[in-house]
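The data block below is start-v3.pdb; it holds PDB, C-alpha atoms.
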```pdb
ATOM      1  CA  ARG A   1     -17.055 228.159 105.072  1.00  0.00           C
ATOM      2  CA  SER A   2     -15.762 227.509 101.555  1.00  0.00           C
ATOM      3  CA  MET A   3     -16.045 231.188 100.575  1.00  0.00           C
ATOM      4  CA  GLY A   4     -14.273 232.265 103.761  1.00  0.00           C
ATOM      5  CA  CYS A   5     -11.345 229.974 102.918  1.00  0.00           C
ATOM      6  CA  LEU A   6     -10.825 231.293  99.387  1.00  0.00           C
ATOM      7  CA  ALA A   7      -8.295 233.924 100.447  1.00  0.00           C
ATOM      8  CA  THR A   8      -5.964 231.173 101.643  1.00  0.00           C
ATOM      9  CA  ALA A   9      -6.792 228.689  98.875  1.00  0.00           C
ATOM     10  CA  CYS A  10      -4.196 227.926  96.229  1.00  0.00           C
ATOM     11  CA  PRO A  11      -5.112 227.885  92.523  1.00  0.00           C
ATOM     12  CA  GLN A  12      -5.377 224.093  92.558  1.00  0.00           C
ATOM     13  CA  ASP A  13      -7.862 224.303  95.437  1.00  0.00           C
ATOM     14  CA  MET A  14      -9.962 226.873  93.567  1.00  0.00           C
ATOM     15  CA  SER A  15     -10.006 224.916  90.327  1.00  0.00           C
ATOM     16  CA  SER A  16     -10.834 221.711  92.235  1.00  0.00           C
ATOM     17  CA  MET A  17     -13.707 223.456  93.996  1.00  0.00           C
ATOM     18  CA  ALA A  18     -15.102 224.674  90.670  1.00  0.00           C
ATOM     19  CA  TRP A  19     -14.634 221.211  89.122  1.00  0.00           C
ATOM     20  CA  SER A  20     -16.475 219.569  92.009  1.00  0.00           C
ATOM     21  CA  MET A  21     -19.391 221.981  91.654  1.00  0.00           C
ATOM     22  CA  ALA A  22     -19.567 221.193  87.948  1.00  0.00           C
ATOM     23  CA  ARG A  23     -19.503 217.441  88.508  1.00  0.00           C
ATOM     24  CA  LEU A  24     -22.272 217.759  91.087  1.00  0.00           C
ATOM     25  CA  ALA A  25     -24.252 220.174  88.878  1.00  0.00           C
ATOM     26  CA  GLU A  26     -24.145 222.602  91.788  1.00  0.00           C
ATOM     27  CA  ARG A  27     -24.806 226.155  90.561  1.00  0.00           C
ATOM     28  CA  ASP A  28     -24.441 228.390  93.617  1.00  0.00           C
ATOM     29  CA  PRO A  29     -24.249 231.979  92.256  1.00  0.00           C
ATOM     30  CA  GLN A  30     -22.828 233.437  95.454  1.00  0.00           C
ATOM     31  CA  CYS A  31     -20.095 230.833  95.699  1.00  0.00           C
ATOM     32  CA  LEU A  32     -19.287 231.118  91.983  1.00  0.00           C
ATOM     33  CA  ARG A  33     -18.990 234.903  92.196  1.00  0.00           C
ATOM     34  CA  ALA A  34     -16.659 234.675  95.186  1.00  0.00           C
ATOM     35  CA  LEU A  35     -14.592 232.011  93.471  1.00  0.00           C
ATOM     36  CA  SER A  36     -14.423 234.088  90.288  1.00  0.00           C
ATOM     37  CA  ARG A  37     -13.326 237.268  92.069  1.00  0.00           C
ATOM     38  CA  GLU A  38     -10.561 235.470  93.941  1.00  0.00           C
ATOM     39  CA  ALA A  39      -9.370 233.659  90.818  1.00  0.00           C
ATOM     40  CA  VAL A  40      -9.265 236.858  88.761  1.00  0.00           C
ATOM     41  CA  SER A  41      -7.277 238.671  91.452  1.00  0.00           C
ATOM     42  CA  ARG A  42      -4.665 235.877  91.448  1.00  0.00           C
ATOM     43  CA  ILE A  43      -4.894 234.629  87.876  1.00  0.00           C
ATOM     44  CA  GLY A  44      -1.153 234.971  87.352  1.00  0.00           C
ATOM     45  CA  GLU A  45      -0.631 232.068  89.773  1.00  0.00           C
ATOM     46  CA  PHE A  46      -2.749 229.628  87.731  1.00  0.00           C
ATOM     47  CA  ARG A  47      -1.124 226.904  85.646  1.00  0.00           C
ATOM     48  CA  ALA A  48      -2.460 225.111  82.569  1.00  0.00           C
ATOM     49  CA  GLN A  49      -4.523 222.399  84.295  1.00  0.00           C
ATOM     50  CA  GLU A  50      -6.008 224.866  86.769  1.00  0.00           C
ATOM     51  CA  LEU A  51      -6.970 227.326  84.031  1.00  0.00           C
ATOM     52  CA  SER A  52      -8.594 224.710  81.812  1.00  0.00           C
ATOM     53  CA  ASN A  53     -10.443 223.130  84.759  1.00  0.00           C
ATOM     54  CA  LEU A  54     -11.734 226.524  85.873  1.00  0.00           C
ATOM     55  CA  ALA A  55     -12.991 227.461  82.407  1.00  0.00           C
ATOM     56  CA  TRP A  56     -14.519 224.006  81.847  1.00  0.00           C
ATOM     57  CA  SER A  57     -16.283 224.064  85.208  1.00  0.00           C
ATOM     58  CA  PHE A  58     -17.892 227.476  84.749  1.00  0.00           C
ATOM     59  CA  ALA A  59     -19.032 226.411  81.278  1.00  0.00           C
ATOM     60  CA  VAL A  60     -20.561 223.166  82.556  1.00  0.00           C
ATOM     61  CA  VAL A  61     -22.666 224.979  85.172  1.00  0.00           C
ATOM     62  CA  ARG A  62     -23.528 227.683  82.600  1.00  0.00           C
ATOM     63  CA  ALA A  63     -22.181 230.582  84.675  1.00  0.00           C
ATOM     64  CA  PRO A  64     -21.346 233.495  82.342  1.00  0.00           C
ATOM     65  CA  ASP A  65     -18.467 235.576  83.673  1.00  0.00           C
ATOM     66  CA  ALA A  66     -16.780 237.795  81.093  1.00  0.00           C
ATOM     67  CA  GLU A  67     -14.144 239.108  83.495  1.00  0.00           C
ATOM     68  CA  LEU A  68     -13.107 235.625  84.557  1.00  0.00           C
ATOM     69  CA  PHE A  69     -13.007 234.243  81.016  1.00  0.00           C
ATOM     70  CA  ASP A  70     -10.956 237.197  79.779  1.00  0.00           C
ATOM     71  CA  ALA A  71      -8.510 236.704  82.646  1.00  0.00           C
ATOM     72  CA  ILE A  72      -8.275 232.990  81.861  1.00  0.00           C
ATOM     73  CA  ALA A  73      -7.685 233.811  78.202  1.00  0.00           C
ATOM     74  CA  TRP A  74      -4.768 236.185  78.748  1.00  0.00           C
ATOM     75  CA  GLN A  75      -3.099 233.963  81.343  1.00  0.00           C
ATOM     76  CA  SER A  76      -3.554 230.943  79.052  1.00  0.00           C
ATOM     77  CA  ILE A  77      -1.865 232.777  76.184  1.00  0.00           C
ATOM     78  CA  ASP A  78       1.062 233.643  78.442  1.00  0.00           C
ATOM     79  CA  ILE A  79       1.701 230.009  79.408  1.00  0.00           C
ATOM     80  CA  LEU A  80       0.255 228.195  76.369  1.00  0.00           C
ATOM     81  CA  PRO A  81       3.446 226.195  75.633  1.00  0.00           C
ATOM     82  CA  SER A  82       2.776 224.287  78.868  1.00  0.00           C
ATOM     83  CA  PHE A  83      -0.735 223.236  77.793  1.00  0.00           C
ATOM     84  CA  LEU A  84      -1.336 219.563  77.085  1.00  0.00           C
ATOM     85  CA  ILE A  85      -3.861 218.513  74.436  1.00  0.00           C
ATOM     86  CA  LEU A  86      -6.594 218.052  77.059  1.00  0.00           C
ATOM     87  CA  ASN A  87      -5.938 221.546  78.426  1.00  0.00           C
ATOM     88  CA  LEU A  88      -6.186 223.026  74.932  1.00  0.00           C
ATOM     89  CA  THR A  89      -9.369 221.217  73.953  1.00  0.00           C
ATOM     90  CA  ASN A  90     -11.143 221.758  77.288  1.00  0.00           C
ATOM     91  CA  THR A  91     -10.329 225.470  77.298  1.00  0.00           C
ATOM     92  CA  LEU A  92     -11.483 225.894  73.711  1.00  0.00           C
ATOM     93  CA  TRP A  93     -14.652 223.901  74.446  1.00  0.00           C
ATOM     94  CA  ALA A  94     -15.425 226.073  77.482  1.00  0.00           C
ATOM     95  CA  PHE A  95     -15.145 229.311  75.521  1.00  0.00           C
ATOM     96  CA  ALA A  96     -17.276 227.850  72.733  1.00  0.00           C
ATOM     97  CA  ALA A  97     -19.919 226.474  75.095  1.00  0.00           C
ATOM     98  CA  MET A  98     -20.227 229.897  76.754  1.00  0.00           C
ATOM     99  CA  GLY A  99     -20.119 231.752  73.442  1.00  0.00           C
ATOM    100  CA  HIS A 100     -17.251 233.853  74.798  1.00  0.00           C
ATOM    101  CA  GLU A 101     -15.295 235.148  71.826  1.00  0.00           C
ATOM    102  CA  HIS A 102     -11.617 235.910  72.381  1.00  0.00           C
ATOM    103  CA  PRO A 103      -9.798 235.935  69.010  1.00  0.00           C
ATOM    104  CA  PRO A 104      -6.241 236.106  70.426  1.00  0.00           C
ATOM    105  CA  LEU A 105      -6.821 233.003  72.548  1.00  0.00           C
ATOM    106  CA  ILE A 106      -8.664 231.111  69.817  1.00  0.00           C
ATOM    107  CA  GLY A 107      -5.849 231.858  67.379  1.00  0.00           C
ATOM    108  CA  ALA A 108      -3.180 230.806  69.855  1.00  0.00           C
ATOM    109  CA  ILE A 109      -4.976 227.556  70.721  1.00  0.00           C
ATOM    110  CA  SER A 110      -5.506 226.842  67.033  1.00  0.00           C
ATOM    111  CA  ASP A 111      -1.784 227.188  66.312  1.00  0.00           C
ATOM    112  CA  ALA A 112      -0.901 225.050  69.338  1.00  0.00           C
ATOM    113  CA  CYS A 113      -3.325 222.313  68.273  1.00  0.00           C
ATOM    114  CA  VAL A 114      -1.852 222.187  64.775  1.00  0.00           C
ATOM    115  CA  LYS A 115       1.600 221.590  66.270  1.00  0.00           C
ATOM    116  CA  LYS A 116       0.272 218.684  68.363  1.00  0.00           C
ATOM    117  CA  MET A 117      -2.055 217.232  65.732  1.00  0.00           C
ATOM    118  CA  ASP A 118      -0.128 213.972  65.383  1.00  0.00           C
ATOM    119  CA  ALA A 119      -1.344 213.060  68.878  1.00  0.00           C
ATOM    120  CA  PHE A 120      -5.017 213.995  68.325  1.00  0.00           C
ATOM    121  CA  TYR A 121      -7.701 211.309  68.108  1.00  0.00           C
ATOM    122  CA  GLY A 122     -11.358 210.659  68.950  1.00  0.00           C
ATOM    123  CA  GLN A 123     -12.695 213.068  71.553  1.00  0.00           C
ATOM    124  CA  ALA A 124      -9.939 215.658  71.062  1.00  0.00           C
ATOM    125  CA  ILE A 125     -10.654 215.879  67.337  1.00  0.00           C
ATOM    126  CA  SER A 126     -14.443 216.080  67.603  1.00  0.00           C
ATOM    127  CA  ALA A 127     -14.406 218.494  70.558  1.00  0.00           C
ATOM    128  CA  THR A 128     -12.057 220.873  68.752  1.00  0.00           C
ATOM    129  CA  ALA A 129     -14.112 220.774  65.558  1.00  0.00           C
ATOM    130  CA  TRP A 130     -17.343 221.287  67.529  1.00  0.00           C
ATOM    131  CA  SER A 131     -15.823 224.270  69.331  1.00  0.00           C
ATOM    132  CA  CYS A 132     -14.767 225.892  66.069  1.00  0.00           C
ATOM    133  CA  ALA A 133     -18.279 225.458  64.687  1.00  0.00           C
ATOM    134  CA  LYS A 134     -19.905 226.912  67.808  1.00  0.00           C
ATOM    135  CA  LEU A 135     -17.583 229.919  67.647  1.00  0.00           C
ATOM    136  CA  ALA A 136     -18.077 230.182  63.863  1.00  0.00           C
ATOM    137  CA  VAL A 137     -14.342 230.201  63.230  1.00  0.00           C
ATOM    138  CA  ALA A 138     -12.615 228.078  60.620  1.00  0.00           C
ATOM    139  CA  PRO A 139      -8.816 228.276  60.830  1.00  0.00           C
ATOM    140  CA  ALA A 140      -7.823 226.525  57.595  1.00  0.00           C
ATOM    141  CA  GLY A 141      -4.744 224.787  58.954  1.00  0.00           C
ATOM    142  CA  LEU A 142      -6.572 223.547  62.029  1.00  0.00           C
ATOM    143  CA  LEU A 143      -9.621 222.177  60.200  1.00  0.00           C
ATOM    144  CA  GLN A 144      -7.461 220.473  57.586  1.00  0.00           C
ATOM    145  CA  GLY A 145      -5.379 218.915  60.325  1.00  0.00           C
ATOM    146  CA  LEU A 146      -8.460 217.744  62.215  1.00  0.00           C
ATOM    147  CA  ALA A 147      -9.925 216.165  59.073  1.00  0.00           C
ATOM    148  CA  ALA A 148      -6.696 214.318  58.297  1.00  0.00           C
ATOM    149  CA  ALA A 149      -6.327 213.177  61.911  1.00  0.00           C
ATOM    150  CA  ALA A 150      -9.925 211.962  61.966  1.00  0.00           C
ATOM    151  CA  VAL A 151      -9.485 209.923  58.793  1.00  0.00           C
ATOM    152  CA  ARG A 152      -6.300 208.419  60.233  1.00  0.00           C
ATOM    153  CA  THR A 153      -7.884 207.488  63.582  1.00  0.00           C
ATOM    154  CA  ILE A 154     -11.548 207.058  62.618  1.00  0.00           C
ATOM    155  CA  SER A 155     -11.800 203.668  64.326  1.00  0.00           C
ATOM    156  CA  CYS A 156     -11.132 205.415  67.670  1.00  0.00           C
ATOM    157  CA  CYS A 157     -14.209 207.632  67.250  1.00  0.00           C
ATOM    158  CA  ALA A 158     -17.332 206.794  69.224  1.00  0.00           C
ATOM    159  CA  PRO A 159     -20.757 207.545  67.685  1.00  0.00           C
ATOM    160  CA  GLN A 160     -20.870 210.863  69.536  1.00  0.00           C
ATOM    161  CA  ASN A 161     -17.452 211.829  68.150  1.00  0.00           C
ATOM    162  CA  LEU A 162     -18.584 210.947  64.620  1.00  0.00           C
ATOM    163  CA  ALA A 163     -21.804 212.934  64.983  1.00  0.00           C
ATOM    164  CA  ASN A 164     -20.095 216.011  66.435  1.00  0.00           C
ATOM    165  CA  LEU A 165     -17.397 215.916  63.798  1.00  0.00           C
ATOM    166  CA  ALA A 166     -19.876 215.641  60.937  1.00  0.00           C
ATOM    167  CA  TRP A 167     -22.076 218.362  62.458  1.00  0.00           C
ATOM    168  CA  ALA A 168     -19.136 220.722  62.897  1.00  0.00           C
ATOM    169  CA  PHE A 169     -17.890 220.468  59.319  1.00  0.00           C
ATOM    170  CA  ALA A 170     -21.427 220.827  57.986  1.00  0.00           C
ATOM    171  CA  LYS A 171     -22.085 223.840  60.223  1.00  0.00           C
ATOM    172  CA  LEU A 172     -18.910 225.477  58.908  1.00  0.00           C
ATOM    173  CA  GLN A 173     -19.866 224.402  55.358  1.00  0.00           C
ATOM    174  CA  ILE A 174     -16.531 222.681  54.791  1.00  0.00           C
ATOM    175  CA  VAL A 175     -16.700 219.781  52.362  1.00  0.00           C
ATOM    176  CA  ASP A 176     -13.988 217.176  52.882  1.00  0.00           C
ATOM    177  CA  GLU A 177     -14.807 214.080  50.885  1.00  0.00           C
ATOM    178  CA  ALA A 178     -12.231 211.827  52.545  1.00  0.00           C
ATOM    179  CA  LEU A 179     -13.478 212.798  55.995  1.00  0.00           C
ATOM    180  CA  MET A 180     -17.147 212.302  55.179  1.00  0.00           C
ATOM    181  CA  GLN A 181     -16.453 208.910  53.591  1.00  0.00           C
ATOM    182  CA  ALA A 182     -14.532 207.857  56.696  1.00  0.00           C
ATOM    183  CA  ILE A 183     -17.356 209.048  58.972  1.00  0.00           C
ATOM    184  CA  SER A 184     -19.928 207.258  56.813  1.00  0.00           C
ATOM    185  CA  GLY A 185     -18.079 203.955  56.909  1.00  0.00           C
ATOM    186  CA  GLU A 186     -17.460 204.071  60.654  1.00  0.00           C
ATOM    187  CA  ALA A 187     -20.982 205.285  61.458  1.00  0.00           C
ATOM    188  CA  LYS A 188     -22.435 202.245  59.676  1.00  0.00           C
ATOM    189  CA  LEU A 189     -20.335 199.944  61.841  1.00  0.00           C
ATOM    190  CA  LYS A 190     -21.360 201.676  65.061  1.00  0.00           C
ATOM    191  CA  MET A 191     -24.951 202.576  64.241  1.00  0.00           C
ATOM    192  CA  ARG A 192     -26.461 200.227  66.823  1.00  0.00           C
ATOM    193  CA  ASP A 193     -24.501 201.989  69.556  1.00  0.00           C
ATOM    194  CA  ALA A 194     -25.654 205.478  68.553  1.00  0.00           C
ATOM    195  CA  ILE A 195     -28.473 207.313  70.327  1.00  0.00           C
ATOM    196  CA  PRO A 196     -31.181 209.087  68.282  1.00  0.00           C
ATOM    197  CA  LYS A 197     -29.573 212.533  68.676  1.00  0.00           C
ATOM    198  CA  GLU A 198     -26.299 211.239  67.231  1.00  0.00           C
ATOM    199  CA  LEU A 199     -28.094 209.581  64.332  1.00  0.00           C
ATOM    200  CA  SER A 200     -30.088 212.701  63.498  1.00  0.00           C
ATOM    201  CA  SER A 201     -27.032 214.995  63.784  1.00  0.00           C
ATOM    202  CA  THR A 202     -25.057 212.775  61.443  1.00  0.00           C
ATOM    203  CA  ALA A 203     -27.916 212.573  58.951  1.00  0.00           C
ATOM    204  CA  TRP A 204     -28.386 216.362  59.101  1.00  0.00           C
ATOM    205  CA  ALA A 205     -24.694 216.907  58.397  1.00  0.00           C
ATOM    206  CA  PHE A 206     -24.719 214.733  55.289  1.00  0.00           C
ATOM    207  CA  ALA A 207     -27.892 216.416  54.048  1.00  0.00           C
ATOM    208  CA  LYS A 208     -26.451 219.882  54.712  1.00  0.00           C
ATOM    209  CA  LEU A 209     -23.318 219.107  52.742  1.00  0.00           C
TER     210      LEU A 209
END
```
Go through the file and emit its structure as structure tokens.
Amino acid sequence: RSMGCLATACPQDMSSMAWSMARLAERDPQCLRALSREAVSRIGEFRAQELSNLAWSFAVVRAPDAELFDAIAWQSIDILPSFLILNLTNTLWAFAAMGHEHPPLIGAISDACVKKMDAFYGQAISATAWSCAKLAVAPAGLLQGLAAAAVRTISCCAPQNLANLAWAFAKLQIVDEALMQAISGEAKLKMRDAIPKELSSTAWAFAKL
């Protein structure tokens, strides 16, 4: 029934359907293909939240779809000024998680993030750094901005944020003494709340650097 209704579904309906499947860990290939085809054919109707939700959802259920991700990328570039920080970071994370390289989009998101960096903290900082590391890209202005924002707001970072941030900079082989000192100090305070994976990732990052 859901697939039969796609032709009359609006972009918000389609992105909500994908989001629901992701939250339920429901990976139905037939439904995902139908959803992808309909979204691609009407991608020009999608707004920022709908695009980022769609990309995030397909990444969460690990459903590779080059045509869909390319369509999302070009439409995102066209309307990028309307993207909020969460839209930017979720879209970048989705492309990184799927290993889908799209230099024009990554460059555009990077520039947009730099302009909004004063409002970045915690999850937004660590997710953006992690995405850059997964994509093996290191836009100088973006990474410098993320490091400065992290130092400024380090108390807002949860153990997972600290671990991902340290891992990302180590993976990219970027040494930022002020950032690593801030991570070290905060990690000591929150060590009892960290899970083993976060502890080992943080330790690995310091050893790597």
Between atom CA of A:Ser131 and atom CA of A:Val61, measure the distance and give it in Å to one decimal.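 Going from atom CA of A:Ser131 over to atom CA of A:Val61 covers 17.3 Å.
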Residue nearest A:Ser155 among A:Val175, A:Ala124, A:Ala187, A:Ala59 (counting all atoms listed in the file): A:Ala187
Could you expand the PyMOL selection byres ((chain A and resi 136) around 10) into the explicit residues it covers here, written as a PyMOL selection string? chain A and resi 96+99+101+130-135+137-139+168+171-172
With distances taken over only C-alpha atoms, which residue among A:Ala7, A:Ile43, A:Leu54, A:Ala119 lies nearest A:Ala94? A:Leu54
Stretch 25-37 of chain A environment, 12 Å, all atoms listed in the file, sequence neighbours closer than 6 positions dropped, as a PDB file with C-alpha atoms, in the frame of the given file:
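part_5.pdb written:
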```pdb
ATOM      1  CA  ARG A   1     -17.055 228.159 105.072  1.00  0.00           C
ATOM      2  CA  SER A   2     -15.762 227.509 101.555  1.00  0.00           C
ATOM      3  CA  MET A   3     -16.045 231.188 100.575  1.00  0.00           C
ATOM      4  CA  GLY A   4     -14.273 232.265 103.761  1.00  0.00           C
ATOM      5  CA  CYS A   5     -11.345 229.974 102.918  1.00  0.00           C
ATOM      6  CA  LEU A   6     -10.825 231.293  99.387  1.00  0.00           C
ATOM      7  CA  ALA A   7      -8.295 233.924 100.447  1.00  0.00           C
ATOM      8  CA  THR A   8      -5.964 231.173 101.643  1.00  0.00           C
ATOM      9  CA  ALA A   9      -6.792 228.689  98.875  1.00  0.00           C
ATOM     10  CA  CYS A  10      -4.196 227.926  96.229  1.00  0.00           C
ATOM     11  CA  PRO A  11      -5.112 227.885  92.523  1.00  0.00           C
ATOM     12  CA  ASP A  13      -7.862 224.303  95.437  1.00  0.00           C
ATOM     13  CA  MET A  14      -9.962 226.873  93.567  1.00  0.00           C
ATOM     14  CA  SER A  15     -10.006 224.916  90.327  1.00  0.00           C
ATOM     15  CA  SER A  16     -10.834 221.711  92.235  1.00  0.00           C
ATOM     16  CA  MET A  17     -13.707 223.456  93.996  1.00  0.00           C
ATOM     17  CA  ALA A  18     -15.102 224.674  90.670  1.00  0.00           C
ATOM     18  CA  TRP A  19     -14.634 221.211  89.122  1.00  0.00           C
ATOM     19  CA  ILE A  43      -4.894 234.629  87.876  1.00  0.00           C
ATOM     20  CA  LEU A  51      -6.970 227.326  84.031  1.00  0.00           C
ATOM     21  CA  LEU A  54     -11.734 226.524  85.873  1.00  0.00           C
ATOM     22  CA  ALA A  55     -12.991 227.461  82.407  1.00  0.00           C
ATOM     23  CA  SER A  57     -16.283 224.064  85.208  1.00  0.00           C
ATOM     24  CA  PHE A  58     -17.892 227.476  84.749  1.00  0.00           C
ATOM     25  CA  ALA A  59     -19.032 226.411  81.278  1.00  0.00           C
ATOM     26  CA  VAL A  60     -20.561 223.166  82.556  1.00  0.00           C
ATOM     27  CA  VAL A  61     -22.666 224.979  85.172  1.00  0.00           C
ATOM     28  CA  ARG A  62     -23.528 227.683  82.600  1.00  0.00           C
ATOM     29  CA  ALA A  63     -22.181 230.582  84.675  1.00  0.00           C
ATOM     30  CA  PRO A  64     -21.346 233.495  82.342  1.00  0.00           C
ATOM     31  CA  ASP A  65     -18.467 235.576  83.673  1.00  0.00           C
ATOM     32  CA  ALA A  66     -16.780 237.795  81.093  1.00  0.00           C
ATOM     33  CA  GLU A  67     -14.144 239.108  83.495  1.00  0.00           C
ATOM     34  CA  LEU A  68     -13.107 235.625  84.557  1.00  0.00           C
ATOM     35  CA  PHE A  69     -13.007 234.243  81.016  1.00  0.00           C
ATOM     36  CA  ASP A  70     -10.956 237.197  79.779  1.00  0.00           C
ATOM     37  CA  ALA A  71      -8.510 236.704  82.646  1.00  0.00           C
ATOM     38  CA  ILE A  72      -8.275 232.990  81.861  1.00  0.00           C
TER      39      ILE A  72
END
```
Please identify all polymer residues within 10 Å of A:Ala149, counting all atoms listed in the file, omitting same-chain residues fewer than 3 positions from it, and present them as a PyMOL selection string. chain A and resi 117-122+125+143-146+152-154+179
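Residue selection for this entry, given the PyMOL selection byres ((chain A and resi 78) around 12), comprises Ile43, Gly44, Glu45, Phe46, Arg47, Ala48, Leu51, Ala71, Ile72, Ala73, Trp74, Gln75, Ser76, Ile77, Ile79, Leu80, Pro81, Ser82, Phe83, Pro104, Leu105, Ala108 and Ile109 of chain A.
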May I have the residues from that selection written out with C-alpha atoms, as a PDB file, keeping the file's coordinate frame?
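Contents of the output file again.pdb:
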```
ATOM      1  CA  ILE A  43      -4.894 234.629  87.876  1.00  0.00           C
ATOM      2  CA  GLY A  44      -1.153 234.971  87.352  1.00  0.00           C
ATOM      3  CA  GLU A  45      -0.631 232.068  89.773  1.00  0.00           C
ATOM      4  CA  PHE A  46      -2.749 229.628  87.731  1.00  0.00           C
ATOM      5  CA  ARG A  47      -1.124 226.904  85.646  1.00  0.00           C
ATOM      6  CA  ALA A  48      -2.460 225.111  82.569  1.00  0.00           C
ATOM      7  CA  LEU A  51      -6.970 227.326  84.031  1.00  0.00           C
ATOM      8  CA  ALA A  71      -8.510 236.704  82.646  1.00  0.00           C
ATOM      9  CA  ILE A  72      -8.275 232.990  81.861  1.00  0.00           C
ATOM     10  CA  ALA A  73      -7.685 233.811  78.202  1.00  0.00           C
ATOM     11  CA  TRP A  74      -4.768 236.185  78.748  1.00  0.00           C
ATOM     12  CA  GLN A  75      -3.099 233.963  81.343  1.00  0.00           C
ATOM     13  CA  SER A  76      -3.554 230.943  79.052  1.00  0.00           C
ATOM     14  CA  ILE A  77      -1.865 232.777  76.184  1.00  0.00           C
ATOM     15  CA  ILE A  79       1.701 230.009  79.408  1.00  0.00           C
ATOM     16  CA  LEU A  80       0.255 228.195  76.369  1.00  0.00           C
ATOM     17  CA  PRO A  81       3.446 226.195  75.633  1.00  0.00           C
ATOM     18  CA  SER A  82       2.776 224.287  78.868  1.00  0.00           C
ATOM     19  CA  PHE A  83      -0.735 223.236  77.793  1.00  0.00           C
ATOM     20  CA  PRO A 104      -6.241 236.106  70.426  1.00  0.00           C
ATOM     21  CA  LEU A 105      -6.821 233.003  72.548  1.00  0.00           C
ATOM     22  CA  ALA A 108      -3.180 230.806  69.855  1.00  0.00           C
ATOM     23  CA  ILE A 109      -4.976 227.556  70.721  1.00  0.00           C
TER      24      ILE A 109
END
```
Here's the selection I'm unsure about, the PyMOL selection byres ((chain A and resi 202-207) around 12); applied to the file above, which residues does it give, as number ranges by chain? A: 159-177, 179-181, 183-184, 186-188, 191, 194-201, 208-209
